[in-house]
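Structure data follow from upload_17.cif (mmCIF, C-alpha atoms):
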data_final
#
loop_
_atom_site.group_PDB
_atom_site.id
_atom_site.type_symbol
_atom_site.label_atom_id
_atom_site.label_comp_id
_atom_site.auth_asym_id
_atom_site.auth_seq_id
_atom_site.Cartn_x
_atom_site.Cartn_y
_atom_site.Cartn_z
ATOM 1 C CA MET A 1 1.866 -0.166 12.535
ATOM 2 C CA ALA A 2 0.032 1.002 9.492
ATOM 3 C CA GLY A 3 -3.353 -0.300 10.540
ATOM 4 C CA GLU A 4 -4.729 2.993 11.751
ATOM 5 C CA GLU A 5 -2.971 5.959 10.295
ATOM 6 C CA GLY A 6 -3.748 9.486 11.301
ATOM 7 C CA GLY A 7 -3.187 13.079 10.439
ATOM 8 C CA SER A 8 -4.878 16.409 10.668
ATOM 9 C CA SER A 9 -5.133 17.886 7.219
ATOM 10 C CA GLY A 10 -4.738 17.029 3.579
ATOM 11 C CA SER A 11 -6.149 17.090 0.132
ATOM 12 C CA SER A 12 -8.533 14.661 -1.434
ATOM 13 C CA PRO A 13 -6.756 12.060 -3.540
ATOM 14 C CA SER A 14 -9.591 12.291 -6.030
ATOM 15 C CA ALA A 15 -9.518 16.089 -6.267
ATOM 16 C CA GLU A 16 -5.840 17.055 -6.178
ATOM 17 C CA PRO A 17 -3.355 16.313 -8.948
ATOM 18 C CA SER A 18 -0.272 14.480 -7.774
ATOM 19 C CA PRO A 19 2.523 17.040 -7.575
ATOM 20 C CA GLY A 20 5.240 14.390 -7.598
ATOM 21 C CA GLY A 21 6.964 15.197 -4.356
ATOM 22 C CA GLY A 22 9.881 12.804 -4.678
ATOM 23 C CA GLU A 23 12.482 11.224 -6.894
ATOM 24 C CA ALA A 24 11.231 8.471 -9.154
ATOM 25 C CA GLY A 25 12.931 5.120 -8.970
ATOM 26 C CA ALA A 26 13.719 2.907 -11.908
ATOM 27 C CA ALA A 27 10.766 1.620 -13.867
ATOM 28 C CA GLY A 28 8.776 -0.756 -11.736
ATOM 29 C CA GLY A 29 10.584 0.293 -8.574
ATOM 30 C CA GLU A 30 13.725 -1.825 -8.958
ATOM 31 C CA GLY A 31 16.051 1.093 -8.237
ATOM 32 C CA ALA A 32 16.169 3.531 -5.364
ATOM 33 C CA GLY A 33 12.693 4.871 -4.855
ATOM 34 C CA GLY A 34 11.067 8.220 -4.391
ATOM 35 C CA GLY A 35 10.750 10.011 -1.122
ATOM 36 C CA SER A 36 14.169 9.869 0.488
ATOM 37 C CA GLY A 37 15.850 8.593 -2.681
ATOM 38 C CA ALA A 38 17.545 5.831 -0.681
ATOM 39 C CA ALA A 39 17.136 2.114 -1.259
ATOM 40 C CA TYR A 40 17.338 1.457 2.500
ATOM 41 C CA ASP A 41 16.629 3.644 5.515
ATOM 42 C CA GLY A 42 17.694 2.061 8.808
ATOM 43 C CA LYS A 43 15.318 4.368 10.719
ATOM 44 C CA CYS A 44 12.306 3.103 8.715
ATOM 45 C CA VAL A 45 10.522 0.156 10.358
ATOM 46 C CA PHE A 46 9.323 -1.149 6.977
ATOM 47 C CA CYS A 47 12.900 -1.086 5.600
ATOM 48 C CA ARG A 48 13.989 -3.098 8.629
ATOM 49 C CA ILE A 49 11.075 -5.543 8.171
ATOM 50 C CA THR A 50 11.773 -6.011 4.453
ATOM 51 C CA HIS A 51 15.398 -6.816 5.236
ATOM 52 C CA GLY A 52 14.538 -9.341 7.968
ATOM 53 C CA GLU A 53 15.728 -7.147 10.825
ATOM 54 C CA GLU A 54 12.464 -7.220 12.822
ATOM 55 C CA ALA A 55 12.282 -10.687 14.378
ATOM 56 C CA GLY A 56 8.634 -10.310 15.417
ATOM 57 C CA THR A 57 7.321 -9.921 11.857
ATOM 58 C CA GLU A 58 6.714 -13.047 9.801
ATOM 59 C CA LEU A 59 7.244 -12.475 6.086
ATOM 60 C CA LEU A 60 4.756 -14.370 3.939
ATOM 61 C CA PRO A 61 5.785 -16.115 0.710
ATOM 62 C CA CYS A 62 6.034 -13.626 -2.147
ATOM 63 C CA GLU A 63 6.718 -14.392 -5.794
ATOM 64 C CA HIS A 64 8.493 -11.065 -6.447
ATOM 65 C CA GLU A 65 11.898 -10.620 -4.879
ATOM 66 C CA ASP A 66 11.567 -6.812 -4.787
ATOM 67 C CA LEU A 67 8.429 -7.030 -2.565
ATOM 68 C CA VAL A 68 7.508 -8.479 0.815
ATOM 69 C CA CYS A 69 4.158 -9.214 2.391
ATOM 70 C CA PHE A 70 3.205 -9.489 6.054
ATOM 71 C CA ARG A 71 0.169 -9.213 8.322
ATOM 72 C CA ASP A 72 -0.825 -5.790 9.611
ATOM 73 C CA ILE A 73 -0.360 -5.630 13.393
ATOM 74 C CA ARG A 74 -3.682 -3.778 13.758
ATOM 75 C CA PRO A 75 -5.912 -5.694 11.362
ATOM 76 C CA GLY A 76 -8.959 -3.897 10.039
ATOM 77 C CA ALA A 77 -10.481 -7.074 8.585
ATOM 78 C CA PRO A 78 -10.170 -10.851 9.064
ATOM 79 C CA HIS A 79 -7.468 -10.771 6.345
ATOM 80 C CA HIS A 80 -5.292 -7.637 6.480
ATOM 81 C CA TYR A 81 -1.902 -7.747 4.801
ATOM 82 C CA LEU A 82 0.647 -5.153 3.789
ATOM 83 C CA VAL A 83 2.596 -5.441 0.541
ATOM 84 C CA VAL A 84 5.798 -3.418 0.744
ATOM 85 C CA PRO A 85 8.672 -2.782 -1.688
ATOM 86 C CA LYS A 86 12.084 -3.713 -0.297
ATOM 87 C CA ASN A 87 13.524 -0.443 -1.598
ATOM 88 C CA HIS A 88 12.515 2.623 0.374
ATOM 89 C CA ILE A 89 9.907 4.527 -1.634
ATOM 90 C CA GLY A 90 8.281 7.407 0.216
ATOM 91 C CA ASN A 91 4.513 7.057 -0.288
ATOM 92 C CA CYS A 92 1.877 6.787 -2.994
ATOM 93 C CA LYS A 93 1.940 10.535 -3.664
ATOM 94 C CA THR A 94 5.608 10.346 -4.737
ATOM 95 C CA LEU A 95 4.931 7.758 -7.453
ATOM 96 C CA LYS A 96 5.285 8.520 -11.152
ATOM 97 C CA SER A 97 3.981 6.769 -14.259
ATOM 98 C CA GLU A 98 7.077 4.545 -14.341
ATOM 99 C CA HIS A 99 5.858 3.003 -11.062
ATOM 100 C CA ILE A 100 2.725 1.537 -12.695
ATOM 101 C CA PRO A 101 4.321 -1.952 -12.988
ATOM 102 C CA LEU A 102 5.310 -1.797 -9.298
ATOM 103 C CA VAL A 103 1.751 -0.992 -8.185
ATOM 104 C CA GLU A 104 0.380 -3.737 -10.452
ATOM 105 C CA ARG A 105 2.832 -6.276 -8.947
ATOM 106 C CA MET A 106 1.869 -5.161 -5.432
ATOM 107 C CA MET A 107 -1.796 -5.774 -6.289
ATOM 108 C CA ALA A 108 -0.994 -9.192 -7.761
ATOM 109 C CA VAL A 109 0.882 -10.151 -4.571
ATOM 110 C CA GLY A 110 -2.105 -9.010 -2.487
ATOM 111 C CA LYS A 111 -4.509 -11.189 -4.463
ATOM 112 C CA THR A 112 -2.144 -14.164 -4.325
ATOM 113 C CA VAL A 113 -1.683 -13.956 -0.548
ATOM 114 C CA LEU A 114 -5.461 -13.846 -0.082
ATOM 115 C CA GLN A 115 -5.898 -16.934 -2.242
ATOM 116 C CA ARG A 116 -3.095 -18.751 -0.397
ATOM 117 C CA ASN A 117 -4.978 -18.009 2.807
ATOM 118 C CA LYS A 118 -8.164 -19.547 1.402
ATOM 119 C CA PHE A 119 -9.927 -16.279 0.556
ATOM 120 C CA ASN A 120 -11.097 -16.461 -3.046
ATOM 121 C CA ASP A 121 -13.881 -13.863 -3.386
ATOM 122 C CA LEU A 122 -11.791 -11.177 -5.063
ATOM 123 C CA ASN A 123 -14.940 -9.062 -5.475
ATOM 124 C CA ASP A 124 -15.037 -8.564 -1.683
ATOM 125 C CA ILE A 125 -11.597 -7.029 -1.121
ATOM 126 C CA ARG A 126 -10.244 -3.543 -0.605
ATOM 127 C CA MET A 127 -6.736 -2.642 -1.689
ATOM 128 C CA GLY A 128 -5.279 0.800 -1.356
ATOM 129 C CA PHE A 129 -2.950 3.339 0.165
ATOM 130 C CA HIS A 130 -3.301 6.046 2.780
ATOM 131 C CA TRP A 131 -2.909 9.444 1.155
ATOM 132 C CA PRO A 132 -0.386 11.804 2.734
ATOM 133 C CA PRO A 133 -0.363 13.274 5.280
ATOM 134 C CA PHE A 134 -2.477 10.388 6.614
ATOM 135 C CA CYS A 135 0.398 7.885 6.628
ATOM 136 C CA SER A 136 1.918 6.676 9.872
ATOM 137 C CA ILE A 137 4.820 5.012 8.025
ATOM 138 C CA ALA A 138 6.560 6.987 5.259
ATOM 139 C CA HIS A 139 7.381 3.873 3.218
ATOM 140 C CA LEU A 140 5.078 2.826 0.387
ATOM 141 C CA HIS A 141 2.719 0.035 1.478
ATOM 142 C CA LEU A 142 -0.438 -1.428 -0.013
ATOM 143 C CA HIS A 143 -3.220 -2.403 2.393
ATOM 144 C CA VAL A 144 -4.980 -5.615 1.367
ATOM 145 C CA LEU A 145 -8.202 -6.161 3.339
ATOM 146 C CA ALA A 146 -10.765 -8.939 3.019
ATOM 147 C CA PRO A 147 -13.591 -9.481 3.221
ATOM 148 C CA ALA A 148 -14.381 -5.805 2.713
ATOM 149 C CA SER A 149 -17.986 -6.553 3.638
ATOM 150 C CA GLN A 150 -16.801 -7.396 7.171
ATOM 151 C CA LEU A 151 -14.865 -4.205 7.890
ATOM 152 C CA GLY A 152 -15.806 -2.861 11.308
ATOM 153 C CA PHE A 153 -17.089 0.681 11.848
ATOM 154 C CA LEU A 154 -13.651 2.209 12.466
ATOM 155 C CA SER A 155 -12.049 0.270 9.600
ATOM 156 C CA ARG A 156 -14.808 1.409 7.225
ATOM 157 C CA MET A 157 -13.764 4.959 8.090
ATOM 158 C CA VAL A 158 -9.985 4.432 7.991
ATOM 159 C CA TYR A 159 -10.143 2.558 4.646
ATOM 160 C CA ARG A 160 -13.054 4.503 3.151
ATOM 161 C CA ILE A 161 -13.168 4.774 -0.627
ATOM 162 C CA ASN A 162 -13.246 8.324 -2.061
ATOM 163 C CA SER A 163 -12.030 9.887 1.164
ATOM 164 C CA TYR A 164 -9.354 12.495 1.797
ATOM 165 C CA TRP A 165 -7.114 9.915 3.444
ATOM 166 C CA PHE A 166 -7.377 6.691 1.407
ATOM 167 C CA ILE A 167 -6.975 5.970 -2.308
ATOM 168 C CA THR A 168 -7.709 2.573 -3.816
ATOM 169 C CA ALA A 169 -4.986 0.883 -5.831
ATOM 170 C CA GLU A 170 -7.215 1.171 -8.916
ATOM 171 C CA GLN A 171 -7.634 4.925 -8.381
ATOM 172 C CA LEU A 172 -3.885 5.321 -7.993
ATOM 173 C CA LEU A 173 -3.261 3.407 -11.228
ATOM 174 C CA GLU A 174 -5.770 5.651 -13.023
ATOM 175 C CA ARG A 175 -3.893 8.739 -11.774
ATOM 176 C CA LEU A 176 -0.532 7.336 -12.848
ATOM 177 C CA LYS A 177 -1.850 6.339 -16.273
ATOM 178 C CA ALA A 178 -3.408 9.800 -16.744
ATOM 179 C CA GLU A 179 -0.051 11.356 -15.837
ATOM 180 C CA SER A 180 1.621 9.079 -18.387
ATOM 181 C CA ALA A 181 -0.858 10.161 -21.099
ATOM 182 C CA THR A 182 -0.060 13.852 -20.536
ATOM 183 C CA ILE A 183 3.708 13.428 -20.847
#

Rendering of file as C-alpha coordinates:
Amino acid sequence: MAGEEGGSSGSSPSAEPSPGGGEAGAAGGEGAGGGSGAAYDGKCVFCRITHGEEAGTELLPCEHEDLVCFRDIRPGAPHHYLVVPKNHIGNCKTLKSEHIPLVERMMAVGKTVLQRNKFNDLNDIRMGFHWPPFCSIAHLHLHVLAPASQLGFLSRMVYRINSYWFITAEQLLERLKAESATI
(Lines of atoms letter the chains of each structure in order from A and count residues from 1; the text may use other names and numbers.)
(Lines give C-alpha, C1' and ligand atoms only; values in the text may rest on other atoms or scores of the structure.)
Protein backbone atom coordinates (compact mmCIF):
# COMPACT_ATOMS: atom_id res chain seq x y z
CA MET A 1 0.00 0.00 0.00
CA ALA A 2 2.13 2.82 1.23
CA GLY A 3 5.41 0.95 1.03
CA GLU A 4 6.56 2.46 -2.23
CA GLU A 5 4.91 5.72 -3.03
CA GLY A 6 5.49 7.56 -6.24
CA GLY A 7 4.94 10.80 -8.01
CA SER A 8 6.51 12.98 -10.62
CA SER A 9 7.11 16.39 -9.15
CA GLY A 10 7.15 18.27 -5.89
CA SER A 11 8.93 20.58 -3.58
CA SER A 12 11.53 19.73 -1.02
CA PRO A 13 10.06 19.37 2.46
CA SER A 14 13.15 21.06 3.83
CA ALA A 15 13.01 24.00 1.41
CA GLU A 16 9.32 24.86 1.05
CA PRO A 17 7.18 26.35 3.80
CA SER A 18 4.03 24.39 4.50
CA PRO A 19 1.17 26.29 2.88
CA GLY A 20 -1.46 24.53 4.97
CA GLY A 21 -3.56 23.01 2.24
CA GLY A 22 -6.36 21.66 4.39
CA GLU A 23 -8.66 22.16 7.33
CA ALA A 24 -7.10 21.62 10.72
CA GLY A 25 -8.73 19.14 13.04
CA ALA A 26 -9.14 19.57 16.76
CA ALA A 27 -5.96 19.79 18.77
CA GLY A 28 -4.16 16.49 18.65
CA GLY A 29 -6.33 15.21 15.82
CA GLU A 30 -9.36 14.11 17.85
CA GLY A 31 -11.82 15.89 15.56
CA ALA A 32 -12.31 15.72 11.83
CA GLY A 33 -8.95 16.15 10.21
CA GLY A 34 -7.46 18.18 7.43
CA GLY A 35 -7.55 17.25 3.81
CA SER A 36 -11.13 16.25 3.07
CA GLY A 37 -12.41 17.57 6.40
CA ALA A 38 -14.25 14.29 7.00
CA ALA A 39 -13.70 11.95 9.92
CA TYR A 40 -14.30 8.92 7.66
CA ASP A 41 -13.98 8.42 3.92
CA GLY A 42 -15.37 5.09 2.72
CA LYS A 43 -13.27 5.33 -0.47
CA CYS A 44 -10.03 5.60 1.55
CA VAL A 45 -8.37 2.22 2.20
CA PHE A 46 -6.77 3.50 5.42
CA CYS A 47 -10.17 4.69 6.72
CA ARG A 48 -11.54 1.23 6.01
CA ILE A 49 -8.54 -0.42 7.73
CA THR A 50 -8.81 1.81 10.81
CA HIS A 51 -12.48 0.90 11.14
CA GLY A 52 -11.87 -2.85 10.80
CA GLU A 53 -13.42 -3.12 7.35
CA GLU A 54 -10.39 -4.73 5.64
CA ALA A 55 -10.30 -8.33 6.86
CA GLY A 56 -6.80 -8.97 5.50
CA THR A 57 -5.11 -6.34 7.68
CA GLU A 58 -4.21 -7.26 11.24
CA LEU A 59 -4.33 -4.29 13.60
CA LEU A 60 -1.58 -4.35 16.20
CA PRO A 61 -2.20 -3.37 19.83
CA CYS A 62 -2.19 0.41 20.23
CA GLU A 63 -2.45 2.37 23.46
CA HIS A 64 -4.22 5.35 21.83
CA GLU A 65 -7.79 4.80 20.72
CA ASP A 66 -7.56 7.50 18.03
CA LEU A 67 -4.68 5.65 16.26
CA VAL A 68 -4.11 2.24 14.71
CA CYS A 69 -0.94 0.43 13.75
CA PHE A 70 -0.39 -2.32 11.19
CA ARG A 71 2.37 -3.84 9.06
CA ASP A 72 3.13 -2.27 5.70
CA ILE A 73 2.25 -4.70 2.89
CA ARG A 74 5.46 -3.79 1.04
CA PRO A 75 7.99 -3.69 3.87
CA GLY A 76 11.12 -1.66 3.30
CA ALA A 77 12.87 -3.08 6.38
CA PRO A 78 12.60 -6.15 8.64
CA HIS A 79 10.21 -4.08 10.82
CA HIS A 80 7.96 -1.75 8.79
CA TYR A 81 4.78 -0.49 10.41
CA LEU A 82 2.30 2.24 9.62
CA VAL A 83 0.73 4.35 12.36
CA VAL A 84 -2.52 5.88 11.14
CA PRO A 85 -5.12 8.17 12.75
CA LYS A 86 -8.64 6.74 12.71
CA ASN A 87 -10.01 10.10 11.56
CA HIS A 88 -9.30 10.94 7.94
CA ILE A 89 -6.53 13.54 7.84
CA GLY A 90 -5.19 14.29 4.38
CA ASN A 91 -1.38 14.16 4.61
CA CYS A 92 1.55 15.65 6.50
CA LYS A 93 1.47 18.85 4.43
CA THR A 94 -2.05 19.65 5.70
CA LEU A 95 -1.02 19.57 9.36
CA LYS A 96 -0.97 22.67 11.56
CA SER A 97 0.71 23.42 14.88
CA GLU A 98 -2.31 22.04 16.75
CA HIS A 99 -1.42 18.61 15.31
CA ILE A 100 1.91 18.46 17.19
CA PRO A 101 0.44 16.21 19.94
CA LEU A 102 -0.96 13.87 17.26
CA VAL A 103 2.43 13.49 15.56
CA GLU A 104 4.11 12.95 18.94
CA ARG A 105 1.57 10.21 19.82
CA MET A 106 2.11 8.58 16.42
CA MET A 107 5.86 8.50 17.11
CA ALA A 108 5.31 7.05 20.58
CA VAL A 109 3.11 4.29 19.11
CA GLY A 110 5.82 3.53 16.53
CA LYS A 111 8.48 3.14 19.22
CA THR A 112 6.19 1.02 21.38
CA VAL A 113 5.31 -1.37 18.54
CA LEU A 114 9.01 -1.83 17.76
CA GLN A 115 9.75 -2.64 21.39
CA ARG A 116 6.81 -5.06 21.57
CA ASN A 117 8.30 -6.81 18.56
CA LYS A 118 11.66 -7.17 20.32
CA PHE A 119 13.43 -4.31 18.53
CA ASN A 120 15.00 -2.05 21.15
CA ASP A 121 17.74 -0.09 19.35
CA LEU A 122 15.78 3.14 18.93
CA ASN A 123 18.91 4.78 17.48
CA ASP A 124 18.57 2.55 14.39
CA ILE A 125 15.05 3.49 13.27
CA ARG A 126 13.57 5.77 10.64
CA MET A 127 10.18 7.37 11.16
CA GLY A 128 8.62 9.74 8.71
CA PHE A 129 6.07 10.70 6.10
CA HIS A 130 6.07 10.87 2.32
CA TRP A 131 5.78 14.48 1.22
CA PRO A 132 3.04 15.28 -1.29
CA PRO A 133 2.70 14.62 -4.14
CA PHE A 134 4.72 11.48 -3.34
CA CYS A 135 1.92 9.81 -1.36
CA SER A 136 0.08 6.81 -2.74
CA ILE A 137 -2.56 7.02 0.02
CA ALA A 138 -4.03 10.45 0.84
CA HIS A 139 -4.54 9.61 4.53
CA LEU A 140 -1.91 10.64 7.07
CA HIS A 141 0.38 7.72 7.95
CA LEU A 142 3.71 7.48 9.73
CA HIS A 143 6.23 4.97 8.38
CA VAL A 144 8.17 3.22 11.14
CA LEU A 145 11.17 1.29 9.77
CA ALA A 146 13.81 -0.67 11.65
CA PRO A 147 16.61 -1.37 11.60
CA ALA A 148 17.37 1.62 9.38
CA SER A 149 20.86 0.23 8.87
CA GLN A 150 19.31 -2.72 7.01
CA LEU A 151 17.23 -0.77 4.50
CA GLY A 152 17.76 -2.17 1.01
CA PHE A 153 18.89 -0.02 -1.92
CA LEU A 154 15.37 0.87 -3.08
CA SER A 155 14.14 1.50 0.48
CA ARG A 156 17.12 3.79 1.15
CA MET A 157 15.90 5.85 -1.80
CA VAL A 158 12.17 5.76 -1.00
CA TYR A 159 12.74 6.66 2.69
CA ARG A 160 15.75 8.92 2.16
CA ILE A 161 16.28 11.69 4.70
CA ASN A 162 16.43 15.25 3.31
CA SER A 163 14.83 14.27 0.02
CA TYR A 164 12.04 15.90 -1.96
CA TRP A 165 9.69 13.02 -1.17
CA PHE A 166 10.26 12.04 2.48
CA ILE A 167 10.28 14.07 5.70
CA THR A 168 11.26 12.57 9.04
CA ALA A 169 8.82 12.86 11.92
CA GLU A 170 11.37 15.04 13.74
CA GLN A 171 11.64 17.40 10.75
CA LEU A 172 7.86 17.64 10.56
CA LEU A 173 7.65 18.48 14.27
CA GLU A 174 10.28 21.20 13.80
CA ARG A 175 8.21 22.71 10.97
CA LEU A 176 5.02 22.61 13.03
CA LYS A 177 6.73 24.14 16.06
CA ALA A 178 8.25 26.90 13.89
CA GLU A 179 4.78 27.61 12.50
CA SER A 180 3.46 27.78 16.06
CA ALA A 181 6.19 30.27 17.05
CA THR A 182 5.25 32.63 14.20
CA ILE A 183 1.55 32.75 15.08

Quiz item: Using all atoms listed in the file, which residue out of A:Gly110, A:Gly90, A:Gly152, A:Pro132 lies closest to A:Phe70?
Solution: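 Using all atoms listed in the file, the shortest distance to A:Phe70 belongs to A:Gly110.
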
Quiz prompt | Explicit residues for the PyMOL selection byres ((chain A and resi 170-178) around 9) (as a VMD selection string) | solution = chain A and resid 13 to 14 17 to 18 92 to 93 95 to 100 103 to 104 127 to 129 167 to 169 179 to 183

Quiz prompt | One-decimal distance in Å that lies between atom CA of A:Asp72 and atom CA of A:His139 | solution =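 Computing it gives 14.2 Å between the two atoms.
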
Quiz prompt | Who sits within 12 Å of stretch 52-54 of chain A, all atoms listed in the file, same chain under 2 positions skipped, as a ChimeraX atom specification | solution = /A:42-50,56-60,68-70,86

Self-check item: Output check: residues returned by the PyMOL selection byres ((chain A and resi 67) around 6), as a VMD selection string
Solution: chain A and resid 64 to 66 68 84 to 86

Exercise. Any chance you could resolve the PyMOL selection byres ((chain A and resi 155) around 9) against this file and give the residues as an MDAnalysis selection string?
Key: chainID A and resid 3:4 75:77 151:154 156:160

Grab all the atoms of stretch 143-147 of chain A that the file lists, wrap them in a box along x, y and z, add 3 Å per side, and give me centre plus edge lengths in Å (one decimal) as lines of an AutoDock Vina configuration file.
center_x = -8.4
center_y = -5.9
center_z = 2.4
size_x = 16.4
size_y = 13.1
size_z = 8.0

Quiz item: Using only C-alpha atoms, which residues sit within 8 Å of A:His79 once same-chain residues fewer than 6 positions away are excluded, as a VMD selection string?
Solution: chain A and resid 114 144 to 147

Quiz item: Which one of A:Val83, A:Asp41, A:Ala55, A:Ala148 sits closest to A:Arg105 if you count all atoms listed in the file?
Solution: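 Among A:Val83, A:Asp41, A:Ala55, A:Ala148, it is A:Val83 that comes nearest to A:Arg105.
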
Practice problem: Give the answer as one residue: which of A:Asn87, A:Phe166, A:Asn120, A:Pro61 has the shortest atom-to-atom distance to A:Ala39, using all atoms listed in the file? | Solution: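 Selected residue with least distance to A:Ala39: A:Asn87.
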
Quiz item: So how far away is atom CA of A:Leu82 from atom CA of A:Tyr164, in Å?
Solution: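 Atom-to-atom, atom CA of A:Tyr164 and atom CA of A:Leu82 are spaced 20.4 Å apart.
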
Quiz item: For the atom pair atom CA of A:His141 and atom CA of A:Asn91, what is the interatomic distance in Å to one decimal place?
Solution: 7.5 Å

Quiz item: Which of these residues is nearest to A:His80, using all atoms listed in the file: A:Tyr40, A:Phe119, A:Trp165, A:Trp131?
Solution: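 Residue with the minimum atom-to-atom distance to A:His80: A:Phe119.
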